[in-house]
Amino acid sequence: MARHLAAASAPELARAFDSRRGAFALLLLALLLYGLVPAVFAGRAYWLNVMTNAALLSFASLGVWVTFAIGRVNIGQGAFALIGGYTTALLATVLHWPFWLCLPVSAVVAGGVGFLIGWPLLRLRGIYFAMVTLSLTEATRLFFLNTIRDNGGGVLNIPRPPELATPLAFYLFAATLLLLGCAGVWRLANSRIGWVFRSMRENEELAMSIGIDITRYRILAFVICSAMGGVTGGCFALLQQNIYPATYTIADSINFLLYCFLGGLEFVLGPIVGAFGLVLTFELLRSIQEFQALLYGVLMIVVMLFLPNGLLSLGAVLRRGRGGGR
Amino acid sequence: MSFLAVESLTRRFGGLTAVNDISFSVERDEILSLIGPNGAGKSTVFKLIASFLRPTAGRVLLEGAVMSGRRPHEVARAGIVRTFQETTVFKEMTALQNVVVAHQLGLAATAFGAYLGTPAARADAREALESAAEILDYLGLGHIRDEKARNLPQGHLRALGIAIGLSARPRVLLLDEPFAGMNLEETDRAVAMVEGIRRRGITILLVEHDMRAVMRISDRIVVMNFGSRIAEGTPAEIRANPAVIEAYLGRDDETIGS
């Protein structure tokens, strides 16, 4: 027994430490989302909508983060957001389904498409996978543009359930969704599945050689990602009460990636910090109109230059800096 | 019935026949070495046995069950586990994490159970941790288990690669050049390690260039040249075999190994 304790103690302690830190981070996120944001932006519908949007974008980026976890650069999340958005829009307007039913169906449809497409696509690696997923976003846009004839491919007047009628209610819904998503992905990343993902990211052949069915786990990651994209699309369609083929374009797919990069790929909170950071910065720069895009670009470059591992690596960088100074 | 049987394996890449009608068998608890000059097709045979490549013709059987055509992870689950040339490990993980993550076989909990953190999953994690610590200690890596793999020297990485292989509970372990690039002393230690693995009840098939080590460690040796089998026998027989000497040294009468 003593031997076992000695053998097991160090990493088990490390894991316990990690889970406490994870629980702490989630609690902090909950406080910010439920406390600070509503307190600061109460009664300001515009800003609450901005925050809702940031929460939804974070949710989709969390999905992209899961495909990063298996070592794939996925520029296809816009496609799954469109698929989810149209699923919710069509079910709500044509079949008059309630939103609370449309949303899970959107997740299932987007996840199902991810399953079917992922099977052949995930054989590709690196730039090839990135390019194909990029084309997927564009192909999905064209698909809806050409199959839905009215309103330039748009679906309008999506009814909102009364529970989500106010901006604050919608924001709280989006915040809850984000918290649940974050807790779920955090658990995933720290469970055995997360370690399997990590091993595949590092070396797929070696992972195969120790008996890991890499096809199955790749698909799992991609389906989780796609379903999260579908949920985001469904919620966004409801927030806007409409959806168009151009609601999610390649630029959006790339933004989902950027949020992950900016926040930090090593951290589950990375995409959330990245999305909120970028959305807020963009809004704050709105007052300087013509320089908005320029400054935004410069800021991004500065962050990437000085914090290549993302905003969340700031703590580690500072610690190292202090340690080196002594 | 042989434990591991390789029957008429052939593999062509376009017009090139890398492996041509190779047959041999490995008995339980045996150490069998596959040797041959560079480009003889040894590594291709390895990949064929581990199902990382599909044979153009022929098949591989483990205790009579056909392995060829199965996917690599299925063959690993059946008990044929390969290691890699040089230093293929999970570089961004610590040594312990490398070996723990390699304990994917023989787990009680499903992946979903692991996600939920069921008691079975916690028991799995504990067992994997204990077994990993034991394997690391056994291979003399206990003291570096919390080091990141990318910071480890070559010799340790090679041992870590074998530790990863052992974690997958192999019945046959395929070692791809385990002694390459080692000095005499390191090779001696590695030879002792491989013999120890065999004493754990694991059959060993190895591809190796280091003749001195191969002659010492092998029960039998299969020699390949230009994709074909040119000889098979005990180390003493191989050392005296003119075809082998010719393949290695050209027409000369020096002996190989020592």
# chains A, B, ... in the order shown; residues from 1 in each chain; ligands from 1
$ interface_residues --of "chain B" --to "chain A" --cutoff "8 Å" --atoms "only C-alpha atoms" --output "PyMOL selection string"
chain B and resi 72-77+81-84+88-92+101-105+111+114-115+117+126+129-130+133+164-165+167-168
$ select_by_dssp --residues "range 14-96 of chain B" --states "helix (DSSP H, G or I)" --output "list in words"
Lys42, Ser43, Thr44, Val45, Phe46, Lys47, Leu48, Ile49, Pro72, His73, Glu74, Val75, Ala76, Arg77, Ala78, Ala95 and Leu96 of chain B
$ residues_around --residues "Glu232 in chain B" --least-positions-apart "6" --cutoff "8 Å" --atoms "only C-alpha atoms" --output "PyMOL selection string"
chain B and resi 220-223+238
$ write_last_selection --atoms "N, CA and C atoms" --output "compact mmCIF listing (two decimals), in the first residue's frame"
# COMPACT_ATOMS: atom_id res chain seq x y z
N ARG B 220 16.91 -17.30 -32.78
CA ARG B 220 17.04 -17.59 -34.20
C ARG B 220 17.11 -16.28 -34.96
N ILE B 221 17.62 -16.37 -36.16
CA ILE B 221 17.80 -15.18 -36.99
C ILE B 221 17.26 -15.47 -38.39
N VAL B 222 16.54 -14.50 -38.94
CA VAL B 222 16.13 -14.59 -40.33
C VAL B 222 16.86 -13.48 -41.08
N VAL B 223 17.52 -13.85 -42.16
CA VAL B 223 18.29 -12.86 -42.92
C VAL B 223 17.58 -12.53 -44.22
N ILE B 238 23.98 -18.89 -38.76
CA ILE B 238 23.98 -17.70 -39.61
C ILE B 238 25.40 -17.19 -39.81
$ residues_around --residues "Phe261 in chain A" --least-positions-apart "6" --cutoff "8 Å" --atoms "only C-alpha atoms" --output "PyMOL selection string"
chain A and resi 270-271+274+309-310
$ write_last_selection --atoms "N, CA and C atoms" --output "mmCIF file, in the first residue's frame"
data_model
loop_
_atom_site.group_PDB
_atom_site.id
_atom_site.type_symbol
_atom_site.label_atom_id
_atom_site.label_comp_id
_atom_site.auth_asym_id
_atom_site.auth_seq_id
_atom_site.Cartn_x
_atom_site.Cartn_y
_atom_site.Cartn_z
ATOM 1 N N GLY A 270 -9.292 29.366 -23.291
ATOM 2 C CA GLY A 270 -8.690 30.157 -24.365
ATOM 3 C C GLY A 270 -9.688 30.747 -25.343
ATOM 4 N N PRO A 271 -10.521 29.897 -25.976
ATOM 5 C CA PRO A 271 -11.459 30.451 -26.959
ATOM 6 C C PRO A 271 -12.418 31.475 -26.355
ATOM 7 N N GLY A 274 -10.451 34.671 -25.855
ATOM 8 C CA GLY A 274 -10.184 35.212 -27.180
ATOM 9 C C GLY A 274 -11.421 35.855 -27.782
ATOM 10 N N ASN A 309 1.620 32.123 -27.259
ATOM 11 C CA ASN A 309 0.788 31.041 -26.720
ATOM 12 C C ASN A 309 -0.545 31.555 -26.193
ATOM 13 N N GLY A 310 -0.895 32.783 -26.568
ATOM 14 C CA GLY A 310 -2.209 33.304 -26.235
ATOM 15 C C GLY A 310 -2.228 34.174 -24.999
#
$ residues_around --residues "range 100-106 of chain A" --least-positions-apart "2" --cutoff "8 Å" --atoms "only C-alpha atoms" --output "list of chain:residue names"
A:Ile83, A:Gly84, A:Gly85, A:Thr87, A:Thr88, A:Leu91, A:Ala92, A:Trp97, A:Pro98, A:Val108, A:Val109, A:Ala110, A:Ala227, A:Gly230, A:Val231, A:Gly234, A:Cys235
$ write_last_selection --atoms "N, CA and C atoms" --output "PDB file, in the first residue's frame"
ATOM      1  N   ILE A  83     -25.630  25.299 -40.875  1.00  0.00           N
ATOM      2  CA  ILE A  83     -26.519  24.130 -40.884  1.00  0.00           C
ATOM      3  C   ILE A  83     -27.436  24.160 -39.659  1.00  0.00           C
ATOM      4  N   GLY A  84     -26.851  24.441 -38.487  1.00  0.00           N
ATOM      5  CA  GLY A  84     -27.669  24.531 -37.277  1.00  0.00           C
ATOM      6  C   GLY A  84     -28.659  25.680 -37.356  1.00  0.00           C
ATOM      7  N   GLY A  85     -28.192  26.811 -37.869  1.00  0.00           N
ATOM      8  CA  GLY A  85     -29.050  27.990 -37.985  1.00  0.00           C
ATOM      9  C   GLY A  85     -30.243  27.717 -38.876  1.00  0.00           C
ATOM     10  N   THR A  87     -31.446  24.801 -39.703  1.00  0.00           N
ATOM     11  CA  THR A  87     -32.304  23.762 -39.109  1.00  0.00           C
ATOM     12  C   THR A  87     -33.303  24.402 -38.157  1.00  0.00           C
ATOM     13  N   THR A  88     -32.779  25.237 -37.238  1.00  0.00           N
ATOM     14  CA  THR A  88     -33.676  25.916 -36.299  1.00  0.00           C
ATOM     15  C   THR A  88     -34.656  26.813 -37.056  1.00  0.00           C
ATOM     16  N   LEU A  91     -37.306  24.686 -39.043  1.00  0.00           N
ATOM     17  CA  LEU A  91     -38.222  23.962 -38.154  1.00  0.00           C
ATOM     18  C   LEU A  91     -39.171  24.936 -37.458  1.00  0.00           C
ATOM     19  N   ALA A  92     -38.643  26.100 -37.087  1.00  0.00           N
ATOM     20  CA  ALA A  92     -39.466  27.057 -36.331  1.00  0.00           C
ATOM     21  C   ALA A  92     -40.484  27.757 -37.228  1.00  0.00           C
ATOM     22  N   TRP A  97     -42.174  24.405 -34.860  1.00  0.00           N
ATOM     23  CA  TRP A  97     -41.684  23.721 -33.660  1.00  0.00           C
ATOM     24  C   TRP A  97     -41.232  24.768 -32.644  1.00  0.00           C
ATOM     25  N   PRO A  98     -41.359  24.452 -31.366  1.00  0.00           N
ATOM     26  CA  PRO A  98     -40.826  25.381 -30.358  1.00  0.00           C
ATOM     27  C   PRO A  98     -39.300  25.381 -30.399  1.00  0.00           C
ATOM     28  N   VAL A 108     -28.105  17.901 -33.363  1.00  0.00           N
ATOM     29  CA  VAL A 108     -28.049  16.545 -33.913  1.00  0.00           C
ATOM     30  C   VAL A 108     -27.795  16.586 -35.423  1.00  0.00           C
ATOM     31  N   VAL A 109     -28.478  17.505 -36.120  1.00  0.00           N
ATOM     32  CA  VAL A 109     -28.295  17.585 -37.572  1.00  0.00           C
ATOM     33  C   VAL A 109     -26.865  18.004 -37.904  1.00  0.00           C
ATOM     34  N   ALA A 110     -26.386  19.054 -37.249  1.00  0.00           N
ATOM     35  CA  ALA A 110     -25.012  19.512 -37.525  1.00  0.00           C
ATOM     36  C   ALA A 110     -24.007  18.422 -37.145  1.00  0.00           C
ATOM     37  N   ALA A 227     -21.522  19.729 -33.619  1.00  0.00           N
ATOM     38  CA  ALA A 227     -22.768  19.911 -32.869  1.00  0.00           C
ATOM     39  C   ALA A 227     -22.749  21.243 -32.132  1.00  0.00           C
ATOM     40  N   GLY A 230     -23.515  23.830 -34.568  1.00  0.00           N
ATOM     41  CA  GLY A 230     -24.947  23.819 -34.877  1.00  0.00           C
ATOM     42  C   GLY A 230     -25.764  24.538 -33.820  1.00  0.00           C
ATOM     43  N   VAL A 231     -25.430  24.321 -32.558  1.00  0.00           N
ATOM     44  CA  VAL A 231     -26.146  24.997 -31.464  1.00  0.00           C
ATOM     45  C   VAL A 231     -25.952  26.505 -31.567  1.00  0.00           C
ATOM     46  N   GLY A 234     -28.076  27.875 -34.360  1.00  0.00           N
ATOM     47  CA  GLY A 234     -29.492  27.900 -33.981  1.00  0.00           C
ATOM     48  C   GLY A 234     -29.803  29.076 -33.075  1.00  0.00           C
ATOM     49  N   CYS A 235     -28.949  29.295 -32.076  1.00  0.00           N
ATOM     50  CA  CYS A 235     -29.170  30.404 -31.143  1.00  0.00           C
ATOM     51  C   CYS A 235     -29.039  31.745 -31.840  1.00  0.00           C
TER      52      CYS A 235
END
$ select_by_dssp --residues "range 44-166 of chain B" --states "strand (DSSP E or B)" --output "list in words"
Ala57, Gly58, Arg59, Val60, Leu61, Leu62, Ala65, Val66, Ile80, Val81, Arg82, Thr94 and Lys148 of chain B
$ atom_distance --atom1 "CA of Val66 in chain A" --atom2 "CA of Leu122 in chain A"
13.6 Å
$ residues_around --residues "Gly155 in chain B" --least-positions-apart "4" --cutoff "9 Å" --atoms "only C-alpha atoms" --output "mmCIF file with N, CA and C atoms, in the first residue's frame"
data_model
loop_
_atom_site.group_PDB
_atom_site.id
_atom_site.type_symbol
_atom_site.label_atom_id
_atom_site.label_comp_id
_atom_site.auth_asym_id
_atom_site.auth_seq_id
_atom_site.Cartn_x
_atom_site.Cartn_y
_atom_site.Cartn_z
ATOM 1 N N THR B 87 13.301 7.651 -32.068
ATOM 2 C CA THR B 87 12.727 8.077 -30.798
ATOM 3 C C THR B 87 11.321 8.619 -30.974
ATOM 4 N N ALA B 159 14.366 3.810 -24.446
ATOM 5 C CA ALA B 159 13.751 3.002 -23.387
ATOM 6 C C ALA B 159 12.297 3.408 -23.178
ATOM 7 N N LEU B 160 12.024 4.702 -23.287
ATOM 8 C CA LEU B 160 10.647 5.174 -23.109
ATOM 9 C C LEU B 160 9.750 4.630 -24.217
ATOM 10 N N GLY B 181 22.639 3.293 -32.741
ATOM 11 C CA GLY B 181 23.251 4.505 -32.209
ATOM 12 C C GLY B 181 23.721 4.397 -30.766
ATOM 13 N N MET B 182 23.736 3.187 -30.206
ATOM 14 C CA MET B 182 24.183 3.045 -28.820
ATOM 15 C C MET B 182 25.645 2.621 -28.785
ATOM 16 N N GLU B 186 25.917 0.924 -23.464
ATOM 17 C CA GLU B 186 24.470 1.117 -23.573
ATOM 18 C C GLU B 186 23.813 -0.095 -24.211
#
$ atom_distance --atom1 "CA of Leu295 in chain A" --atom2 "CA of Leu33 in chain A"
27.1 Å
$ residues_around --residues "Thr232 in chain A" --least-positions-apart "2" --cutoff "10 Å" --atoms "only C-alpha atoms" --output "number ranges by chain"
A: 53, 55-61, 63, 77-78, 80-82, 84-85, 103, 106-107, 174, 177-178, 226-230, 234-238
$ atom_distance --atom1 "CA of Gln97 in chain B" --atom2 "CA of Arg218 in chain A"
20.7 Å
